[in-house]
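Q: Pasting input00.cif here (mmCIF, C-alpha atoms):
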```cif
data_entry
loop_
_atom_site.label_atom_id
_atom_site.label_comp_id
_atom_site.auth_asym_id
_atom_site.auth_seq_id
_atom_site.Cartn_x
_atom_site.Cartn_y
_atom_site.Cartn_z
CA MET A 1 78.47 28.39 -7.10
CA THR A 2 77.04 25.06 -6.33
CA GLN A 3 75.42 22.08 -7.85
CA ALA A 4 73.72 21.91 -11.21
CA LEU A 5 71.53 19.14 -12.49
CA VAL A 6 71.19 18.66 -16.21
CA ASN A 7 69.20 16.21 -18.24
CA VAL A 8 70.47 15.69 -21.77
CA PRO A 9 69.63 12.50 -23.69
CA ALA A 10 72.75 10.34 -24.10
CA LYS A 11 71.67 9.18 -27.55
CA ALA A 12 69.60 10.71 -30.32
CA LYS A 13 68.85 10.24 -34.00
CA ARG A 14 70.29 12.78 -36.43
CA GLY A 15 67.88 15.69 -36.79
CA GLU A 16 65.86 14.74 -33.73
CA VAL A 17 64.60 17.58 -31.55
CA ILE A 18 65.81 16.89 -28.02
CA GLU A 19 64.74 18.49 -24.76
CA ILE A 20 67.38 19.76 -22.33
CA LYS A 21 66.35 20.28 -18.72
CA THR A 22 68.52 22.21 -16.29
CA LEU A 23 68.33 23.06 -12.62
CA ILE A 24 70.95 24.93 -10.62
CA SER A 25 71.08 25.71 -6.93
CA HIS A 26 71.21 29.50 -6.48
CA PRO A 27 69.41 31.94 -4.13
CA MET A 28 68.57 34.46 -6.91
CA GLU A 29 68.60 37.22 -4.29
CA THR A 30 66.56 40.11 -5.70
CA GLY A 31 68.24 43.00 -3.89
CA TYR A 32 64.81 44.15 -2.72
CA ARG A 33 64.83 42.31 0.62
CA HIS A 34 66.18 43.37 4.00
CA THR A 35 67.50 41.48 6.99
CA ALA A 36 65.70 41.55 10.34
CA ASN A 37 67.88 44.59 11.21
CA GLY A 38 66.74 46.48 8.12
CA VAL A 39 70.01 46.10 6.21
CA PRO A 40 69.38 45.62 2.48
CA ILE A 41 70.51 42.23 1.15
CA PRO A 42 72.61 42.85 -1.99
CA ARG A 43 71.41 41.55 -5.33
CA ASP A 44 72.89 38.21 -6.39
CA ILE A 45 71.27 36.56 -9.36
CA ILE A 46 72.28 34.39 -12.28
CA HIS A 47 71.88 36.84 -15.15
CA THR A 48 72.98 34.72 -18.06
CA PHE A 49 72.54 31.10 -19.05
CA VAL A 50 74.10 29.78 -22.25
CA CYS A 51 73.95 26.42 -24.00
CA ARG A 52 76.68 25.59 -26.53
CA TYR A 53 76.54 22.57 -28.79
CA ASN A 54 80.10 21.67 -29.86
CA GLY A 55 81.10 25.25 -29.15
CA GLU A 56 78.25 26.90 -31.05
CA GLN A 57 75.65 28.80 -29.05
CA VAL A 58 72.19 27.26 -29.55
CA PHE A 59 70.31 28.87 -26.67
CA ARG A 60 70.79 31.80 -24.34
CA ALA A 61 68.64 33.23 -21.57
CA ASP A 62 68.99 36.66 -19.96
CA LEU A 63 67.44 36.37 -16.51
CA HIS A 64 66.16 39.04 -14.14
CA GLN A 65 65.10 39.09 -10.49
CA ALA A 66 61.67 37.73 -11.44
CA ILE A 67 63.16 34.27 -11.99
CA ALA A 68 62.57 31.98 -9.01
CA ALA A 69 65.38 30.79 -6.74
CA ASN A 70 67.18 27.68 -8.03
CA PRO A 71 66.52 28.49 -11.69
CA PHE A 72 64.93 25.69 -13.67
CA ILE A 73 65.12 26.09 -17.44
CA THR A 74 64.08 23.68 -20.14
CA PHE A 75 64.43 24.18 -23.89
CA PHE A 76 64.92 22.25 -27.11
CA THR A 77 67.67 21.81 -29.66
CA VAL A 78 68.28 19.73 -32.77
CA ALA A 79 70.70 16.83 -32.38
CA THR A 80 73.02 17.54 -35.30
CA GLU A 81 76.16 15.55 -34.53
CA SER A 82 77.86 13.65 -31.73
CA GLY A 83 79.73 15.81 -29.30
CA THR A 84 79.43 17.85 -26.15
CA ILE A 85 76.64 20.04 -24.91
CA GLU A 86 78.00 22.69 -22.57
CA LEU A 87 75.75 24.61 -20.19
CA ALA A 88 77.03 27.70 -18.41
CA TRP A 89 75.43 29.90 -15.74
CA THR A 90 76.94 33.28 -14.83
CA ASP A 91 75.96 35.23 -11.70
CA ASP A 92 76.48 38.75 -10.32
CA HIS A 93 79.89 37.77 -8.85
CA ASN A 94 80.90 36.94 -12.44
CA GLU A 95 81.34 33.35 -11.40
CA THR A 96 80.49 30.88 -14.12
CA GLN A 97 79.45 27.35 -13.42
CA THR A 98 79.82 24.99 -16.37
CA GLN A 99 78.32 21.58 -16.82
CA LYS A 100 79.03 19.31 -19.77
CA ALA A 101 77.08 16.40 -21.20
CA ASP A 102 78.09 14.10 -24.02
CA ILE A 103 75.63 13.12 -26.70
CA VAL A 104 75.91 10.36 -29.33
CA VAL A 105 74.03 11.06 -32.56
CA GLU A 106 73.37 8.16 -34.86
CA MET B 1 8.76 36.39 5.82
CA ARG B 2 8.90 39.02 8.53
CA ALA B 3 11.26 41.94 8.25
CA SER B 4 13.25 40.84 11.30
CA ASP B 5 13.90 37.41 9.73
CA ARG B 6 15.30 39.03 6.64
CA THR B 7 17.64 41.15 8.74
CA ASP B 8 18.82 38.11 10.65
CA THR B 9 19.61 36.26 7.47
CA ALA B 10 21.43 39.23 6.02
CA THR B 11 23.49 39.64 9.19
CA ARG B 12 24.36 35.98 9.27
CA ARG B 13 25.39 36.07 5.64
CA ARG B 14 27.52 39.12 6.24
CA PHE B 15 29.13 37.41 9.22
CA LEU B 16 29.97 34.36 7.12
CA VAL B 17 31.49 36.50 4.39
CA VAL B 18 33.66 38.40 6.86
CA ALA B 19 34.65 35.21 8.72
CA GLY B 20 35.49 33.53 5.43
CA SER B 21 37.72 36.32 4.20
CA LEU B 22 39.49 36.49 7.55
CA ALA B 23 40.12 32.76 7.52
CA GLY B 24 41.33 33.03 3.95
CA GLY B 25 43.75 35.78 4.90
CA LEU B 26 45.14 33.76 7.77
CA ALA B 27 45.37 30.60 5.69
CA GLY B 28 47.39 32.63 3.22
CA GLY B 29 50.13 32.63 5.84
CA ALA B 30 52.00 35.89 5.38
CA GLY B 31 48.81 37.61 4.29
CA LEU B 32 49.61 40.50 6.60
CA ALA B 33 53.28 40.65 5.70
CA PRO B 34 52.87 43.27 2.95
CA LEU B 35 51.54 45.68 5.57
CA LEU B 36 54.67 45.31 7.69
CA GLY B 37 58.22 46.06 6.60
CA PRO B 38 59.20 48.42 3.76
CA ARG B 39 57.99 47.33 0.37
CA PRO B 40 59.89 48.11 -2.82
CA ALA B 41 58.10 50.31 -5.30
CA ALA B 42 56.20 48.19 -7.78
CA ALA B 43 56.45 48.45 -11.53
CA THR B 44 53.34 49.97 -13.02
CA PRO B 45 51.39 49.19 -16.19
CA ALA B 46 53.09 52.29 -17.67
CA MET B 47 56.52 50.80 -16.89
CA LEU B 48 55.41 47.56 -18.52
CA ALA B 49 54.40 49.45 -21.66
CA ALA B 50 57.68 51.40 -21.64
CA ALA B 51 59.75 48.23 -21.20
CA ILE B 52 57.95 46.60 -24.12
CA ARG B 53 58.44 49.68 -26.33
CA GLU B 54 62.14 49.72 -25.48
CA MET B 55 62.47 46.08 -26.51
CA VAL B 56 60.40 46.09 -29.70
CA GLY B 57 60.86 49.70 -30.84
CA GLU B 58 58.15 51.08 -33.09
CA ALA B 59 57.17 47.71 -34.54
CA PRO B 60 53.56 46.63 -34.05
CA VAL B 61 52.97 43.74 -31.65
CA ARG B 62 50.16 41.44 -32.74
CA GLU B 63 48.37 38.89 -30.63
CA GLY B 64 48.71 35.27 -31.66
CA LYS B 65 51.29 32.57 -32.46
CA VAL B 66 52.55 32.73 -28.86
CA THR B 67 51.07 30.60 -26.08
CA LEU B 68 51.96 31.71 -22.56
CA ASP B 69 51.11 28.92 -20.18
CA LEU B 70 50.76 30.06 -16.57
CA PRO B 71 48.30 28.88 -13.94
CA PRO B 72 45.46 31.44 -13.61
CA LEU B 73 45.56 31.21 -9.82
CA VAL B 74 48.59 30.40 -7.68
CA GLU B 75 48.93 30.10 -3.96
CA ASN B 76 52.63 30.89 -3.79
CA GLY B 77 54.20 33.53 -6.03
CA ASN B 78 57.75 32.44 -5.21
CA ALA B 79 57.96 29.75 -7.88
CA VAL B 80 55.31 29.76 -10.57
CA PRO B 81 55.83 27.33 -13.48
CA MET B 82 55.74 29.11 -16.84
CA THR B 83 55.93 27.67 -20.35
CA ILE B 84 56.06 29.66 -23.58
CA THR B 85 55.38 27.99 -26.90
CA VAL B 86 55.58 29.78 -30.23
CA ASP B 87 53.98 28.45 -33.38
CA SER B 88 56.89 28.46 -35.83
CA PRO B 89 58.49 25.91 -38.22
CA MET B 90 61.93 26.89 -36.79
CA THR B 91 63.72 26.73 -40.16
CA ALA B 92 66.62 28.95 -41.25
CA ALA B 93 64.16 31.10 -43.20
CA ASP B 94 61.39 31.27 -40.63
CA HIS B 95 62.21 30.97 -36.94
CA VAL B 96 61.82 32.62 -33.56
CA LYS B 97 64.79 34.85 -32.76
CA SER B 98 63.86 35.64 -29.17
CA ILE B 99 61.12 35.52 -26.59
CA HIS B 100 60.78 38.39 -24.11
CA VAL B 101 58.73 38.04 -20.92
CA PHE B 102 57.46 41.04 -18.95
CA ASN B 103 55.36 41.56 -15.84
CA GLU B 104 53.21 44.40 -14.63
CA LYS B 105 53.67 44.70 -10.88
CA ASN B 106 56.96 43.18 -9.72
CA PRO B 107 59.52 45.79 -8.58
CA GLN B 108 60.85 45.86 -12.13
CA PRO B 109 59.10 44.86 -15.36
CA TYR B 110 61.60 42.36 -16.85
CA VAL B 111 61.31 38.62 -16.31
CA ALA B 112 63.59 37.04 -18.91
CA THR B 113 64.68 37.03 -22.53
CA PHE B 114 65.31 33.73 -24.31
CA HIS B 115 67.42 33.76 -27.47
CA LEU B 116 66.59 30.95 -29.86
CA GLY B 117 67.41 30.20 -33.47
CA PRO B 118 66.86 27.63 -36.19
CA ARG B 119 68.93 25.13 -34.17
CA ALA B 120 66.32 25.09 -31.42
CA GLY B 121 64.08 22.87 -33.53
CA LYS B 122 61.11 23.74 -31.40
CA ALA B 123 60.19 27.11 -29.91
CA LYS B 124 59.25 26.00 -26.42
CA VAL B 125 60.84 27.20 -23.18
CA SER B 126 59.91 26.54 -19.55
CA THR B 127 61.08 28.09 -16.31
CA ARG B 128 59.78 29.20 -12.91
CA VAL B 129 59.04 32.82 -12.10
CA ARG B 130 58.41 35.02 -9.08
CA LEU B 131 55.33 37.17 -8.90
CA ALA B 132 54.97 39.90 -6.29
CA ASP B 133 51.26 40.46 -6.82
CA SER B 134 48.23 39.46 -8.85
CA GLN B 135 49.09 40.83 -12.25
CA LYS B 136 49.39 40.53 -16.00
CA VAL B 137 52.33 38.67 -17.53
CA VAL B 138 53.18 39.29 -21.19
CA ALA B 139 55.30 37.17 -23.55
CA ILE B 140 56.47 38.64 -26.86
CA ALA B 141 58.18 36.61 -29.58
CA GLU B 142 60.46 38.23 -32.14
CA MET B 143 60.41 36.36 -35.44
CA SER B 144 63.21 36.15 -38.02
CA ASP B 145 61.14 38.34 -40.38
CA GLY B 146 61.12 41.12 -37.77
CA SER B 147 57.48 40.71 -36.72
CA PHE B 148 56.40 40.58 -33.07
CA TRP B 149 53.68 38.35 -31.64
CA SER B 150 52.39 38.22 -28.10
CA ASP B 151 50.21 36.55 -25.52
CA SER B 152 49.31 37.62 -22.01
CA VAL B 153 47.84 36.03 -18.90
CA ASN B 154 46.13 37.74 -15.99
CA MET B 155 47.02 35.90 -12.81
CA ILE B 156 45.85 35.85 -9.25
CA VAL B 157 48.55 35.33 -6.62
CA THR B 158 47.46 34.73 -3.03
CA LEU B 159 50.91 34.66 -1.38
CA ALA B 160 53.20 37.17 -3.03
CA ALA B 161 56.92 36.68 -3.61
CA CYS B 162 59.56 39.27 -2.70
CA VAL B 163 57.74 40.68 0.31
CA GLU B 164 59.01 38.41 3.05
CA GLU B 165 62.24 39.66 4.52
CA GLY B 166 65.43 37.70 4.92
CA ASP B 167 66.32 36.14 8.27
CA GLY B 168 70.09 36.06 7.91
CA ALA B 169 72.21 38.45 9.97
CA LEU B 170 74.08 40.83 7.73
#
```
Please express the file's structure as structure tokens.

A:
Amino acid sequence: MTQALVNVPAKAKRGEVIEIKTLISHPMETGYRHTANGVPIPRDIIHTFVCRYNGEQVFRADLHQAIAANPFITFFTVATESGTIELAWTDDHNETQTQKADIVVE
Amino acid sequence: MRASDRTDTATRRRFLVVAGSLAGGLAGGAGLAPLLGPRPAAATPAMLAAAIREMVGEAPVREGKVTLDLPPLVENGNAVPMTITVDSPMTAADHVKSIHVFNEKNPQPYVATFHLGPRAGKAKVSTRVRLADSQKVVAIAEMSDGSFWSDSVNMIVTLAACVEEGDGAL
């Protein structure tokens, strides 16, 4: 898989609700399209996106073909403690792309 | 006003209407594309209802608490911004467990399921969706007490997603 862009605040106050924005480059091929020669293009989508905060899952999304190419997902979480926020996307080839961001909670 | 005048006006008006819709179709770019090429079978309102039943079971789904934010009219169905907000305190005792999104007329009725919990702090999720036709989109939130709440939006899509064929050689 390719590049992912994530936006996680570097600093937050304890208990603050922070927004996490993510964007990953992926065709999200539906499996319903054909080439010019009429050959079906196989399905290739990111079906699962998970956010773990210091190892604990805080958000998960199960995606289907109706999600646009280059999936953009934003959500919120509570800044509980300093540590690492890990974002992982898994596609139909069972390839997982992981992106990590550190957060300091005061 | 003479009868012939009235006819002229009516004809002119009809001409403008036809010309306008033609221009609109052409401006829509691939407006004719759905007529060409094979098109996958679309989900139907019955499939939407069945998909929702499968997800929620026998529980009643009430309207309210959920706000599904989608533009009422979009030009391009390939990437439509969507935001779902659920009115919930998001505490350990009272929070949103998951948000399910369904559509009526894409080839299949599922859009996405978002799993939240008390650690979300705020029940608000945004993404971008594909819409193959003008249709109804439904968001259903499952609360920690087992209740289901929903909101729906009827949308108009001028250029549909999914219908244009790939150009890559395969």

Q: Here's the selection I'm unsure about, the PyMOL selection byres ((chain A and resi 14-23) around 10); applied to the file above, which residues does it give, as a PyMOL selection string?

A: (chain A and resi 3-9+11-13+24-26+51+70-82+85+87+99+104-106) or (chain B and resi 119-122+124-127)

Q: With distances taken over only C-alpha atoms, which residue among A:Val50, A:Ile103, A:Ala10, A:Ala66 lies nearest Val137 in chain B?

A: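 The answer is A:Ala66, which sits nearest to Val137 in chain B.
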
Q: With the PyMOL selection byres ((chain A and resi 27) around 12) as the selection, what would be picked from this file? Answer as JSON, numbers by chain, please.

A: {"A": [1, 2, 24, 25, 26, 28, 29, 30, 31, 41, 42, 43, 44, 45, 46, 65, 67, 68, 69, 70, 71, 91, 92], "B": [78, 166]}

Q: Find the distance between CA of Ile52 in chain B and CA of Thr91 in chain B and write it in Å to one decimal.

A: 26.2 Å

Q: Nearest to chain A: which of B:Ala49, B:Val111, B:Leu159, B:Val153 is it, counting only C-alpha atoms?

A: B:Val111

Q: Let me know the residues the PyMOL selection byres ((chain B and resi 75) around 8) catches in the file above, as a list in words.

A: Gly28, Leu73, Val74, Asn76, Gly77, Val157, Thr158 and Leu159 of chain B

Q: Here is a test: counting only C-alpha atoms, which residue of B:Met55, B:Ala79, B:Ile99, B:Ile84 is nearest to Thr67 in chain B?

A: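 Of all the options, B:Ile84 lies closest to Thr67 in chain B.
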